[in-house]
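Shown next: query.txt, given as compact mmCIF, C-alpha atoms.
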```
# COMPACT_ATOMS: atom_id res chain seq x y z
CA MET A 159 3.70 -18.60 -9.54
CA LYS A 160 7.28 -17.79 -10.47
CA LEU A 161 10.22 -19.79 -9.22
CA LEU A 162 11.61 -16.71 -7.50
CA THR A 163 8.47 -16.62 -5.35
CA HIS A 164 8.71 -20.34 -4.70
CA ASN A 165 12.30 -19.91 -3.60
CA LEU A 166 11.27 -17.46 -0.90
CA LEU A 167 8.00 -19.06 0.19
CA THR A 168 7.88 -20.96 3.48
CA SER A 169 5.30 -22.87 5.40
CA HIS A 170 3.83 -20.96 8.35
CA VAL A 171 2.04 -23.88 9.92
CA ARG A 172 2.20 -23.74 13.70
CA GLY A 173 5.31 -25.20 15.21
CA VAL A 174 7.19 -25.60 11.97
CA GLY A 175 9.38 -22.52 12.03
CA PRO A 176 12.53 -22.54 9.88
CA ARG A 177 12.05 -26.22 9.00
CA GLY A 178 9.12 -25.12 6.85
CA PHE A 179 11.48 -24.31 4.01
CA PRO A 180 11.81 -25.17 1.19
CA LEU A 181 8.36 -26.16 0.05
CA ARG A 182 8.47 -29.18 -2.18
CA LEU A 183 7.09 -28.28 -5.57
CA GLN A 184 4.96 -30.56 -7.72
CA ALA A 185 3.71 -29.05 -10.95
CA THR A 186 1.15 -30.38 -13.39
CA GLU A 187 0.99 -27.30 -15.60
CA VAL A 188 3.80 -24.91 -16.34
CA ARG A 189 4.00 -21.96 -18.73
CA ILE A 190 6.90 -19.88 -19.97
CA ASN A 191 6.19 -16.15 -19.85
CA PRO A 192 8.52 -13.73 -21.56
CA VAL A 193 9.53 -11.04 -19.07
CA GLU A 194 11.65 -7.98 -19.73
CA PHE A 195 15.24 -8.58 -18.67
CA ASN A 196 16.48 -6.33 -15.90
CA PRO A 197 20.09 -7.29 -15.09
CA GLU A 198 20.26 -5.01 -12.04
CA PHE A 199 17.29 -6.65 -10.39
CA VAL A 200 18.48 -10.19 -11.15
CA ALA A 201 21.94 -9.39 -9.78
CA ARG A 202 20.39 -8.04 -6.58
CA MET A 203 18.25 -11.11 -6.05
CA ILE A 204 21.07 -13.64 -6.56
CA PRO A 205 22.33 -13.40 -2.94
CA LYS A 206 18.78 -14.10 -1.69
CA VAL A 207 18.35 -17.24 -3.76
CA GLU A 208 18.52 -20.56 -1.95
CA TRP A 209 20.38 -22.64 -4.55
CA ALA A 210 19.56 -26.13 -3.31
CA ALA A 211 15.85 -25.34 -3.34
CA LEU A 212 16.11 -23.71 -6.75
CA LEU A 213 17.94 -26.65 -8.28
CA GLU A 214 15.45 -29.09 -6.78
CA ALA A 215 12.52 -27.09 -8.17
CA ALA A 216 14.17 -26.73 -11.59
CA ASP A 217 14.80 -30.47 -11.60
CA THR A 218 11.15 -31.22 -10.83
CA LEU A 219 10.10 -29.00 -13.70
CA HIS A 220 12.69 -30.56 -16.00
CA LEU A 221 14.36 -27.28 -16.77
CA VAL A 222 17.64 -27.26 -18.61
CA GLU A 223 20.49 -24.77 -18.55
CA VAL A 224 20.16 -23.95 -14.88
CA PRO A 225 23.37 -22.59 -13.33
CA LYS A 226 24.52 -24.63 -10.36
CA GLY A 227 25.59 -21.67 -8.32
CA PRO A 228 26.70 -18.03 -8.48
CA THR A 229 29.89 -17.66 -10.49
CA GLU A 230 32.73 -15.27 -9.68
CA GLY A 231 31.79 -11.77 -10.76
CA TYR A 232 28.26 -12.78 -11.66
CA GLU A 233 27.07 -9.16 -11.61
CA ARG A 234 28.79 -8.56 -14.92
CA ASP A 235 28.23 -11.95 -16.48
CA GLU A 236 25.27 -11.28 -18.76
CA GLN A 237 24.95 -14.88 -19.90
CA PHE A 238 24.63 -16.05 -16.33
CA LEU A 239 22.17 -13.29 -15.47
CA ARG A 240 20.02 -14.08 -18.50
CA LYS A 241 19.84 -17.73 -17.54
CA MET A 242 18.91 -16.84 -13.98
CA HIS A 243 16.34 -14.35 -15.26
CA HIS A 244 14.72 -17.08 -17.31
CA VAL A 245 14.66 -19.57 -14.46
CA LEU A 246 13.51 -17.19 -11.75
CA LEU A 247 11.08 -14.90 -13.55
CA GLU A 248 9.94 -16.51 -16.78
CA VAL A 249 8.90 -19.98 -15.60
CA ASP A 250 5.34 -19.83 -14.30
CA VAL A 251 3.76 -22.74 -12.44
CA LEU A 252 0.03 -22.70 -13.14
CA GLU A 253 -1.23 -25.88 -11.49
CA GLY A 254 0.44 -27.99 -8.84
CA THR A 255 1.06 -28.32 -5.14
CA LEU A 256 3.53 -27.14 -2.55
CA GLN A 257 4.33 -29.46 0.31
CA CYS A 258 5.58 -28.42 3.71
CA PRO A 259 8.66 -30.59 4.40
CA GLU A 260 8.03 -30.74 8.13
CA SER A 261 4.28 -31.22 8.51
CA GLY A 262 3.52 -32.68 5.10
CA ARG A 263 0.69 -30.23 4.60
CA LEU A 264 -0.19 -29.55 0.96
CA PHE A 265 -0.79 -26.05 -0.39
CA PRO A 266 -2.54 -26.26 -3.75
CA ILE A 267 -1.65 -23.97 -6.66
CA SER A 268 -4.57 -23.06 -8.88
CA ARG A 269 -4.34 -20.77 -11.95
CA GLY A 270 -0.93 -19.71 -10.76
CA ILE A 271 -2.16 -18.68 -7.30
CA PRO A 272 -0.92 -20.73 -4.33
CA ASN A 273 -3.52 -21.11 -1.61
CA MET A 274 -1.70 -20.44 1.66
CA LEU A 275 -4.78 -20.25 3.88
CA LEU A 276 -4.38 -22.19 7.10
CA ASN A 277 -7.23 -23.65 9.07
CA ASP A 278 -7.70 -22.94 12.74
CA GLU A 279 -5.59 -25.78 14.15
CA GLU A 280 -2.60 -24.80 12.10
CA THR A 281 -2.43 -21.13 13.00
CA GLU A 282 -0.31 -19.93 15.88
CA THR A 283 -3.20 -19.51 18.31
CA MET B 227 -13.34 4.84 0.59
CA ALA B 228 -15.79 7.27 2.25
CA PHE B 229 -18.53 4.87 3.25
CA ARG B 230 -21.57 6.91 4.07
CA GLY B 231 -23.19 4.20 6.20
CA ARG B 232 -21.69 1.32 8.13
CA ARG B 233 -18.10 0.40 7.88
CA PRO B 234 -17.67 -2.71 5.71
CA GLU B 235 -15.72 -4.48 8.45
CA HIS B 236 -18.86 -4.58 10.59
CA GLY B 237 -20.77 -6.56 8.00
CA GLY B 238 -18.58 -9.64 7.91
CA PRO B 239 -15.19 -10.99 6.89
CA PRO B 240 -13.28 -9.48 3.95
CA GLU B 241 -13.41 -12.61 1.81
CA LEU B 242 -17.20 -12.28 1.73
CA PHE B 243 -17.32 -8.49 1.34
CA TYR B 244 -14.94 -8.54 -1.60
CA ASP B 245 -17.10 -10.70 -3.85
CA GLU B 246 -17.46 -10.53 -7.64
CA ASN B 247 -19.56 -7.35 -7.51
CA GLU B 248 -17.09 -5.51 -5.36
CA ALA B 249 -14.21 -6.84 -7.45
CA ARG B 250 -15.89 -5.48 -10.57
CA LYS B 251 -15.90 -2.01 -9.01
CA TYR B 252 -12.17 -2.15 -8.55
CA VAL B 253 -11.75 -3.00 -12.20
CA ARG B 254 -14.33 -0.73 -13.81
CA ASN B 255 -15.05 2.25 -11.55
CA SER B 256 -12.65 4.98 -12.61
CA ARG B 257 -13.04 6.94 -9.38
CA MET B 258 -12.11 3.90 -7.33
CA ILE B 259 -9.15 3.19 -9.57
CA ASP B 260 -8.04 6.80 -9.33
CA ILE B 261 -8.15 6.91 -5.53
CA GLN B 262 -6.40 3.57 -5.13
CA THR B 263 -3.70 4.55 -7.60
CA LYS B 264 -3.11 7.88 -5.84
CA MET B 265 -2.78 6.14 -2.50
CA ALA B 266 -0.40 3.58 -3.98
CA GLY B 267 1.69 6.44 -5.33
CA ARG B 268 1.80 8.21 -2.01
CA ALA B 269 2.65 4.97 -0.20
CA LEU B 270 5.49 4.30 -2.61
CA GLU B 271 6.69 7.87 -2.08
CA LEU B 272 6.71 7.34 1.68
CA LEU B 273 8.71 4.14 1.27
CA TYR B 274 11.76 6.21 0.34
CA LEU B 275 13.29 3.44 -1.72
CA PRO B 276 16.77 4.09 -3.13
CA GLU B 277 16.56 6.04 -6.39
CA GLY B 278 16.56 4.16 -9.65
CA GLN B 279 16.90 0.71 -8.12
CA PRO B 280 14.37 -2.00 -8.91
CA CYS B 281 13.17 -3.49 -5.60
CA TYR B 282 11.31 -6.61 -4.50
CA LEU B 283 8.21 -5.50 -2.64
CA LEU B 284 5.31 -7.06 -0.78
CA ASP B 285 1.73 -5.81 -1.32
CA VAL B 286 -0.49 -6.81 1.58
CA GLY B 287 -4.14 -6.92 0.62
CA CYS B 288 -3.23 -6.53 -3.04
CA GLY B 289 -6.78 -7.23 -4.21
CA SER B 290 -7.16 -6.83 -7.97
CA GLY B 291 -3.56 -5.69 -8.33
CA LEU B 292 -4.21 -1.95 -8.79
CA SER B 293 -1.47 -0.92 -6.43
CA GLY B 294 0.74 -3.71 -7.72
CA ASP B 295 0.47 -2.42 -11.26
CA TYR B 296 1.60 0.96 -10.02
CA LEU B 297 4.67 -0.71 -8.49
CA SER B 298 5.35 -2.51 -11.77
CA ASP B 299 5.08 0.75 -13.68
CA GLU B 300 7.71 2.22 -11.39
CA GLY B 301 10.03 -0.61 -12.30
CA HIS B 302 9.68 -2.73 -9.16
CA TYR B 303 8.88 -6.40 -8.75
CA TRP B 304 6.27 -7.45 -6.24
CA VAL B 305 4.33 -10.26 -4.62
CA GLY B 306 0.78 -9.72 -3.42
CA ILE B 307 -1.23 -11.50 -0.77
CA ASP B 308 -5.01 -11.25 -0.45
CA ILE B 309 -7.80 -13.19 1.24
CA SER B 310 -10.52 -12.74 -1.36
CA PRO B 311 -10.61 -15.24 -4.26
CA ALA B 312 -12.89 -12.92 -6.26
CA MET B 313 -10.40 -10.05 -6.09
CA LEU B 314 -7.52 -12.34 -7.04
CA ASP B 315 -9.54 -13.57 -10.02
CA ALA B 316 -9.85 -9.95 -11.09
CA ALA B 317 -6.08 -9.65 -10.68
CA LEU B 318 -5.60 -12.65 -12.98
CA ASP B 319 -7.87 -11.09 -15.57
CA ARG B 320 -5.84 -7.90 -15.43
CA ASP B 321 -2.72 -10.00 -15.97
CA THR B 322 -0.60 -8.47 -13.26
CA GLU B 323 3.15 -8.81 -13.44
CA GLY B 324 3.59 -9.76 -9.81
CA ASP B 325 2.68 -13.08 -8.30
CA VAL B 326 -0.34 -13.18 -6.03
CA LEU B 327 -1.08 -15.54 -3.16
CA LEU B 328 -4.36 -16.46 -1.52
CA GLY B 329 -3.68 -15.97 2.15
CA ASP B 330 -4.75 -14.38 5.42
CA MET B 331 -2.37 -11.70 6.67
CA GLY B 332 -3.51 -12.38 10.23
CA GLN B 333 -1.99 -15.84 9.94
CA GLY B 334 1.41 -14.44 9.10
CA ILE B 335 3.38 -13.73 5.94
CA PRO B 336 4.81 -17.07 4.73
CA PHE B 337 8.19 -15.95 3.42
CA LYS B 338 11.83 -16.42 4.34
CA PRO B 339 13.38 -13.79 6.61
CA GLY B 340 14.76 -10.76 4.79
CA SER B 341 12.96 -11.50 1.52
CA PHE B 342 11.57 -8.05 0.77
CA ASP B 343 13.01 -4.58 0.27
CA GLY B 344 9.76 -2.96 1.34
CA CYS B 345 6.07 -3.45 1.88
CA ILE B 346 2.98 -1.45 1.03
CA SER B 347 -0.64 -2.02 1.87
CA ILE B 348 -3.61 -0.02 0.64
CA SER B 349 -6.84 0.00 2.64
CA ALA B 350 -6.36 -3.45 4.13
CA VAL B 351 -4.98 -3.57 7.66
CA GLN B 352 -8.12 -2.25 9.37
CA TRP B 353 -9.81 -5.56 8.50
CA LEU B 354 -7.64 -7.25 11.12
CA CYS B 355 -9.26 -5.26 13.90
CA ASN B 356 -12.62 -7.00 13.72
CA ALA B 357 -12.99 -10.57 14.90
CA ASN B 358 -15.05 -12.59 12.40
CA LYS B 359 -14.75 -16.02 13.98
CA LYS B 360 -15.09 -16.88 17.64
CA SER B 361 -11.49 -18.00 17.66
CA ASP B 362 -10.24 -14.66 16.27
CA ASN B 363 -8.41 -12.39 18.65
CA PRO B 364 -7.68 -9.11 16.82
CA ALA B 365 -4.68 -8.20 18.97
CA LYS B 366 -3.13 -11.61 18.44
CA ARG B 367 -3.79 -11.55 14.70
CA LEU B 368 -2.33 -8.06 14.43
CA TYR B 369 0.75 -9.16 16.34
CA CYS B 370 1.12 -12.27 14.18
CA PHE B 371 0.91 -10.11 11.07
CA PHE B 372 3.38 -7.49 12.28
CA SER B 373 5.91 -9.91 13.70
CA SER B 374 5.97 -11.99 10.52
CA LEU B 375 6.16 -8.78 8.46
CA TYR B 376 9.13 -7.64 10.54
CA SER B 377 10.83 -10.93 9.83
CA VAL B 378 10.27 -11.00 6.08
CA LEU B 379 11.52 -7.45 5.57
CA ALA B 380 15.21 -6.91 4.96
CA ARG B 381 17.02 -5.00 7.67
CA GLY B 382 16.33 -1.28 7.41
CA ALA B 383 13.39 -1.82 5.08
CA ARG B 384 10.16 0.09 5.50
CA ALA B 385 6.51 -0.79 5.45
CA VAL B 386 3.89 1.81 4.53
CA LEU B 387 0.37 0.71 5.34
CA GLN B 388 -2.51 2.95 4.27
CA LEU B 389 -5.55 2.19 6.38
CA TYR B 390 -8.92 3.49 7.53
CA PRO B 391 -8.99 3.25 11.32
CA GLU B 392 -12.48 3.40 12.74
CA ASN B 393 -11.43 5.42 15.78
CA SER B 394 -8.37 6.36 17.77
CA GLU B 395 -8.58 3.21 19.93
CA GLN B 396 -8.30 1.07 16.84
CA LEU B 397 -5.35 3.06 15.58
CA GLU B 398 -3.70 2.70 18.95
CA LEU B 399 -4.31 -1.06 19.00
CA ILE B 400 -2.66 -1.35 15.60
CA THR B 401 0.35 0.81 16.44
CA THR B 402 0.88 -0.95 19.79
CA GLN B 403 1.07 -4.35 18.12
CA ALA B 404 3.42 -2.97 15.47
CA MET B 405 5.76 -1.57 18.13
CA LYS B 406 5.59 -4.85 20.04
CA ALA B 407 6.76 -6.64 16.94
CA GLY B 408 9.87 -4.47 16.87
CA PHE B 409 8.96 -1.75 14.39
CA THR B 410 9.69 1.93 14.91
CA GLY B 411 7.90 4.71 13.07
CA GLY B 412 4.52 6.34 13.33
CA VAL B 413 1.39 7.51 11.60
CA VAL B 414 1.56 10.10 8.83
CA VAL B 415 -1.75 11.88 8.24
CA ASP B 416 -2.43 13.62 4.94
CA TYR B 417 -4.94 16.51 4.84
CA PRO B 418 -5.93 16.21 8.51
CA ASN B 419 -8.55 18.96 8.26
CA SER B 420 -10.53 17.44 5.41
CA ALA B 421 -13.08 14.73 6.16
CA LYS B 422 -12.95 13.29 2.66
CA ALA B 423 -9.31 13.68 1.75
CA LYS B 424 -7.88 12.62 5.13
CA LYS B 425 -5.68 9.55 4.79
CA PHE B 426 -3.71 7.62 7.38
CA TYR B 427 -0.38 6.00 6.49
CA LEU B 428 1.26 3.82 9.10
CA CYS B 429 4.97 4.13 8.31
CA LEU B 430 7.05 1.42 9.93
CA LEU B 431 10.79 0.95 9.88
CA SER B 432 12.53 -2.29 10.75
CA GLY B 433 15.73 -0.79 12.00
CA PRO B 434 17.01 2.04 14.19
CA SER B 435 14.68 5.02 14.37
CA SER B 436 14.99 7.59 11.61
CA PHE B 437 12.87 10.52 10.47
CA LEU B 438 9.12 10.32 10.06
CA PRO B 439 7.87 11.96 6.84
CA LYS B 440 5.54 14.95 7.12
CA GLY B 441 1.92 14.54 6.12
CA LEU B 442 0.50 16.60 3.28
CA SER B 443 -1.62 19.46 4.53
CA ASP B 444 -4.03 22.09 3.32
CA GLN B 445 -1.77 25.09 3.53
CA LYS B 446 0.68 23.85 0.95
CA ASP B 447 -1.77 22.45 -1.59
CA GLY B 448 -3.76 25.17 -3.37
CA ASP B 449 -6.76 22.91 -4.08
CA GLU B 450 -7.53 22.31 -0.43
CA GLU B 451 -7.73 25.97 0.61
CA ARG B 452 -11.49 25.70 1.12
CA GLU B 453 -11.12 25.12 4.84
CA SER B 454 -10.50 28.06 7.13
CA ALA B 455 -7.34 27.94 9.13
CA PHE B 456 -8.19 28.32 12.80
CA THR B 457 -5.61 30.90 13.77
CA LYS B 458 -5.61 34.21 15.66
CA GLU B 459 -5.40 36.14 12.41
CA ARG B 460 -9.00 37.30 12.61
CA VAL B 461 -8.44 39.56 15.57
CA PRO B 462 -6.38 42.21 13.73
CA HIS B 463 -9.07 42.40 11.02
CA ARG B 464 -11.82 43.19 13.48
CA ALA B 465 -9.62 45.67 15.31
CA ALA B 466 -8.77 47.31 11.98
CA ARG B 467 -12.43 48.04 11.24
CA ARG B 468 -13.32 49.13 14.75
CA GLY B 469 -11.45 52.39 14.65
CA MET B 470 -12.85 53.47 11.31
CA VAL B 471 -15.59 55.88 10.53
CA ARG B 472 -18.48 54.13 8.80
CA LYS B 473 -18.82 54.83 5.08
CA SER B 474 -15.44 56.50 4.81
CA ARG B 475 -13.13 55.54 1.94
CA ASP B 476 -10.87 53.59 4.29
CA TRP B 477 -13.87 51.69 5.62
CA VAL B 478 -14.98 50.82 2.07
CA LEU B 479 -11.50 49.62 1.13
CA GLU B 480 -11.25 47.49 4.26
CA LYS B 481 -14.66 45.97 3.60
CA LYS B 482 -13.67 45.12 0.01
CA GLU B 483 -10.49 43.52 1.29
CA ARG B 484 -12.51 41.44 3.71
CA ARG B 485 -14.77 40.18 0.93
CA ARG B 486 -11.72 39.30 -1.14
CA ARG B 487 -10.42 37.22 1.75
CA GLN B 488 -13.75 35.46 1.87
CA GLY B 489 -13.19 34.52 -1.73
CA LYS B 490 -15.99 36.64 -3.19
CA GLU B 491 -15.77 38.53 -6.43
CA VAL B 492 -14.88 42.18 -5.78
CA ARG B 493 -14.35 45.05 -8.20
CA PRO B 494 -10.77 46.32 -8.34
CA ASP B 495 -9.87 49.33 -6.23
CA THR B 496 -9.51 52.46 -8.31
CA GLN B 497 -9.27 56.18 -7.70
CA TYR B 498 -13.11 56.26 -7.73
CA THR B 499 -13.49 53.74 -4.89
CA GLY B 500 -15.48 55.29 -2.04
CA ARG B 501 -15.61 58.70 -3.70
CA LYS B 502 -18.12 61.22 -2.54
CA ARG B 503 -21.32 60.72 -4.54
CA LYS B 504 -23.80 63.43 -5.57
CA PRO B 505 -26.55 63.66 -3.00
CA TYR B 506 -29.62 61.90 -4.49
CA PHE B 507 -32.05 62.89 -1.83
```

Since I need it in another form, could you write the structure as structure tokens?
Amino acid sequence: MKLLTHNLLTSHVRGVGPRGFPLRLQATEVRINPVEFNPEFVARMIPKVEWAALLEAADTLHLVEVPKGPTEGYERDEQFLRKMHHVLLEVDVLEGTLQCPESGRLFPISRGIPNMLLNDEETET
Amino acid sequence: MAFRGRRPEHGGPPELFYDENEARKYVRNSRMIDIQTKMAGRALELLYLPEGQPCYLLDVGCGSGLSGDYLSDEGHYWVGIDISPAMLDAALDRDTEGDVLLGDMGQGIPFKPGSFDGCISISAVQWLCNANKKSDNPAKRLYCFFSSLYSVLARGARAVLQLYPENSEQLELITTQAMKAGFTGGVVVDYPNSAKAKKFYLCLLSGPSSFLPKGLSDQKDGDEERESAFTKERVPHRAARRGMVRKSRDWVLEKKERRRRQGKEVRPDTQYTGRKRKPYF
């Protein structure tokens, strides 16, 4: 699971709503995947990124060289875009858990696939 | 898929239907791969994404990542969600570029509002229409899916969902819940006159109403000309032959023309066509 996905993932447990974000990440196995750099895509995703959540996740994974926020004119700053590309798209969490901040519910990550299945009590029925 | 017998949804829930055997078909069977890829291509076409821009897309019911790979090839980035662990294992083996999640679309799409530039789904949404557990209410699950989908799409983004509705009531149930969730749009039908080639695409727009794309049809595509078009064009043909004298040259020419229209092999018309023959008897 890439950090970009983690940054957009929320908990959809019943009653949680917007407080279900961000999911607290715990990782036991991480892999770095080289991915082709596409500056246009990275620049377009920057406004969607939730920086506090990203920095917290990067901290948990002990990543270095993570920008603290979007700089002025980031669309043209290739250095900045490359760093963001690495953080968002190249870091792959293989094993770990995601925790809903409101309900405390754990979503396990196995082989890079987060299990977001809810049981009956948790769905909005 | 043209299932000759029962529909797979009647046999049980999707996570059981899509087991290792079924997953293997999606990886090995070239016909299956071909059909799924074609549908993914058409769905992407109907999404009308801005030209040349890499987008962040959602693939609902991504399965083994066939449609996702098509999105990657077109330069987009995607996230897939699927309920079957066996199919997702196949996706891992195929090393897809997008992330995949194990999840139930009827429980909602667990993403932040405005995350995606678009959404596609190939042959998945009809599974929501059958209740597999006593607690399942198809209408509620459909509404939960559509309302969360509406939320996670960016404003003005589209969703193109290819599906196999069992009947018109099912299609209406699905479209009603989609409209309730705030979507505008409609159903685009490709090749409506062909039983095998007919495909339904539910095209939804999360914004003010705009145009609905036209479905592909037989008349334009040369390959599908096998079906007869039910028009009034036959009447002039019959009237044309009625006035003629039998066995005259005109009658022979008209008959040859008729056989050509039927698609049969006919000798070309020459100066000798329908000429007076020597009496044999």

*Straight-line distance linking CA of Gly301 in chain B with CA of Gly231 in chain A, stated in Å to one decimal*: 24.5 Å

_Would you compute the distance between CA of Arg269 in chain A and CA of Leu318 in chain B? Give it in Å to one decimal._
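Result for CA of Arg269 in chain A versus CA of Leu318 in chain B: 8.3 Å, one decimal.
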
For chain A, report every residue with an atom at most 10 Å from chain B (counting only C-alpha atoms), formatted as a PDB file with C-alpha atoms, keeping the file's coordinate frame.
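Contents of iface.pdb, freshly written:
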```pdb
ATOM      1  CA  MET A 159       3.700 -18.600  -9.540  1.00  0.00           C
ATOM      2  CA  LYS A 160       7.280 -17.790 -10.470  1.00  0.00           C
ATOM      3  CA  LEU A 162      11.610 -16.710  -7.500  1.00  0.00           C
ATOM      4  CA  THR A 163       8.470 -16.620  -5.350  1.00  0.00           C
ATOM      5  CA  HIS A 164       8.710 -20.340  -4.700  1.00  0.00           C
ATOM      6  CA  ASN A 165      12.300 -19.910  -3.600  1.00  0.00           C
ATOM      7  CA  LEU A 166      11.270 -17.460  -0.900  1.00  0.00           C
ATOM      8  CA  LEU A 167       8.000 -19.060   0.190  1.00  0.00           C
ATOM      9  CA  THR A 168       7.880 -20.960   3.480  1.00  0.00           C
ATOM     10  CA  SER A 169       5.300 -22.870   5.400  1.00  0.00           C
ATOM     11  CA  HIS A 170       3.830 -20.960   8.350  1.00  0.00           C
ATOM     12  CA  VAL A 171       2.040 -23.880   9.920  1.00  0.00           C
ATOM     13  CA  ARG A 172       2.200 -23.740  13.700  1.00  0.00           C
ATOM     14  CA  PRO A 176      12.530 -22.540   9.880  1.00  0.00           C
ATOM     15  CA  GLY A 178       9.120 -25.120   6.850  1.00  0.00           C
ATOM     16  CA  PHE A 179      11.480 -24.310   4.010  1.00  0.00           C
ATOM     17  CA  PRO A 180      11.810 -25.170   1.190  1.00  0.00           C
ATOM     18  CA  VAL A 193       9.530 -11.040 -19.070  1.00  0.00           C
ATOM     19  CA  ASN A 196      16.480  -6.330 -15.900  1.00  0.00           C
ATOM     20  CA  PRO A 197      20.090  -7.290 -15.090  1.00  0.00           C
ATOM     21  CA  GLU A 198      20.260  -5.010 -12.040  1.00  0.00           C
ATOM     22  CA  PHE A 199      17.290  -6.650 -10.390  1.00  0.00           C
ATOM     23  CA  VAL A 200      18.480 -10.190 -11.150  1.00  0.00           C
ATOM     24  CA  ARG A 202      20.390  -8.040  -6.580  1.00  0.00           C
ATOM     25  CA  MET A 203      18.250 -11.110  -6.050  1.00  0.00           C
ATOM     26  CA  LYS A 206      18.780 -14.100  -1.690  1.00  0.00           C
ATOM     27  CA  VAL A 207      18.350 -17.240  -3.760  1.00  0.00           C
ATOM     28  CA  LEU A 247      11.080 -14.900 -13.550  1.00  0.00           C
ATOM     29  CA  ASP A 250       5.340 -19.830 -14.300  1.00  0.00           C
ATOM     30  CA  ILE A 267      -1.650 -23.970  -6.660  1.00  0.00           C
ATOM     31  CA  SER A 268      -4.570 -23.060  -8.880  1.00  0.00           C
ATOM     32  CA  ARG A 269      -4.340 -20.770 -11.950  1.00  0.00           C
ATOM     33  CA  GLY A 270      -0.930 -19.710 -10.760  1.00  0.00           C
ATOM     34  CA  ILE A 271      -2.160 -18.680  -7.300  1.00  0.00           C
ATOM     35  CA  PRO A 272      -0.920 -20.730  -4.330  1.00  0.00           C
ATOM     36  CA  ASN A 273      -3.520 -21.110  -1.610  1.00  0.00           C
ATOM     37  CA  MET A 274      -1.700 -20.440   1.660  1.00  0.00           C
ATOM     38  CA  LEU A 275      -4.780 -20.250   3.880  1.00  0.00           C
ATOM     39  CA  LEU A 276      -4.380 -22.190   7.100  1.00  0.00           C
ATOM     40  CA  ASN A 277      -7.230 -23.650   9.070  1.00  0.00           C
ATOM     41  CA  ASP A 278      -7.700 -22.940  12.740  1.00  0.00           C
ATOM     42  CA  GLU A 280      -2.600 -24.800  12.100  1.00  0.00           C
ATOM     43  CA  THR A 281      -2.430 -21.130  13.000  1.00  0.00           C
ATOM     44  CA  GLU A 282      -0.310 -19.930  15.880  1.00  0.00           C
ATOM     45  CA  THR A 283      -3.200 -19.510  18.310  1.00  0.00           C
TER      46      THR A 283
END
```

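Using all atoms listed in the file, the nearest neighbour of Ile259 in chain B within the list B:Asp245, B:Asp295, B:Glu277, B:Asp495 is B:Asp295.
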
*Using only C-alpha atoms, can you list as a list in words the residues within 10 Å of (14.1, -27.4, -7.4)?*
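It turns out the residues near that spot are Leu161, His164, Asn165, Pro180, Leu181, Arg182, Leu183, Gln184, Glu208, Trp209, Ala210, Ala211, Leu212, Leu213, Glu214, Ala215, Ala216, Asp217, Thr218, Leu219, His220 and Leu221 of chain A.
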
*How far is it from CA of Gly441 in chain B to CA of Pro418 in chain B, in Å with one decimal?*
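Between these atoms lies a distance of 8.4 Å.
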
Test item: residues at most 12 Å from Gln352 in chain B, all atoms listed in the file, excluding those fewer than 4 positions along its chain, as a compact mmCIF listing (two decimals) with C-alpha atoms, in the frame of the given file:
```
# COMPACT_ATOMS: atom_id res chain seq x y z
CA ARG B 233 -18.10 0.40 7.88
CA PRO B 234 -17.67 -2.71 5.71
CA GLU B 235 -15.72 -4.48 8.45
CA HIS B 236 -18.86 -4.58 10.59
CA PRO B 239 -15.19 -10.99 6.89
CA PRO B 240 -13.28 -9.48 3.95
CA VAL B 286 -0.49 -6.81 1.58
CA GLY B 287 -4.14 -6.92 0.62
CA MET B 331 -2.37 -11.70 6.67
CA GLY B 332 -3.51 -12.38 10.23
CA SER B 347 -0.64 -2.02 1.87
CA ILE B 348 -3.61 -0.02 0.64
CA ASN B 356 -12.62 -7.00 13.72
CA ALA B 357 -12.99 -10.57 14.90
CA PRO B 364 -7.68 -9.11 16.82
CA ALA B 365 -4.68 -8.20 18.97
CA ARG B 367 -3.79 -11.55 14.70
CA LEU B 368 -2.33 -8.06 14.43
CA LEU B 387 0.37 0.71 5.34
CA GLN B 388 -2.51 2.95 4.27
CA LEU B 389 -5.55 2.19 6.38
CA TYR B 390 -8.92 3.49 7.53
CA PRO B 391 -8.99 3.25 11.32
CA GLU B 392 -12.48 3.40 12.74
CA ASN B 393 -11.43 5.42 15.78
CA GLU B 395 -8.58 3.21 19.93
CA GLN B 396 -8.30 1.07 16.84
CA LEU B 397 -5.35 3.06 15.58
CA GLU B 398 -3.70 2.70 18.95
CA LEU B 399 -4.31 -1.06 19.00
CA ILE B 400 -2.66 -1.35 15.60
CA THR B 401 0.35 0.81 16.44
CA PHE B 426 -3.71 7.62 7.38
CA TYR B 427 -0.38 6.00 6.49
CA LEU B 428 1.26 3.82 9.10
```

Fewer than 5 positions away in the same chain doesn't count, so skip those; otherwise give me all residues within 10 Å of Leu270 in chain B, counting only C-alpha atoms, as a tab-separated table (two decimals) with C-alpha atoms, keeping the file's coordinate frame.
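Output below, filename part.tsv:
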```tsv
chain	number	residue	atom	x	y	z
B	264	LYS	CA	-3.11	7.88	-5.84
B	265	MET	CA	-2.78	6.14	-2.50
B	275	LEU	CA	13.29	3.44	-1.72
B	293	SER	CA	-1.47	-0.92	-6.43
B	296	TYR	CA	1.60	0.96	-10.02
B	297	LEU	CA	4.67	-0.71	-8.49
B	300	GLU	CA	7.71	2.22	-11.39
B	344	GLY	CA	9.76	-2.96	1.34
B	345	CYS	CA	6.07	-3.45	1.88
B	346	ILE	CA	2.98	-1.45	1.03
B	347	SER	CA	-0.64	-2.02	1.87
B	385	ALA	CA	6.51	-0.79	5.45
B	386	VAL	CA	3.89	1.81	4.53
```

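Compared by their closest atoms to Leu379 in chain B, and using all atoms listed in the file, the residues B:Tyr252, B:Arg472, B:Leu284, B:Lys406 rank with B:Leu284 nearest.
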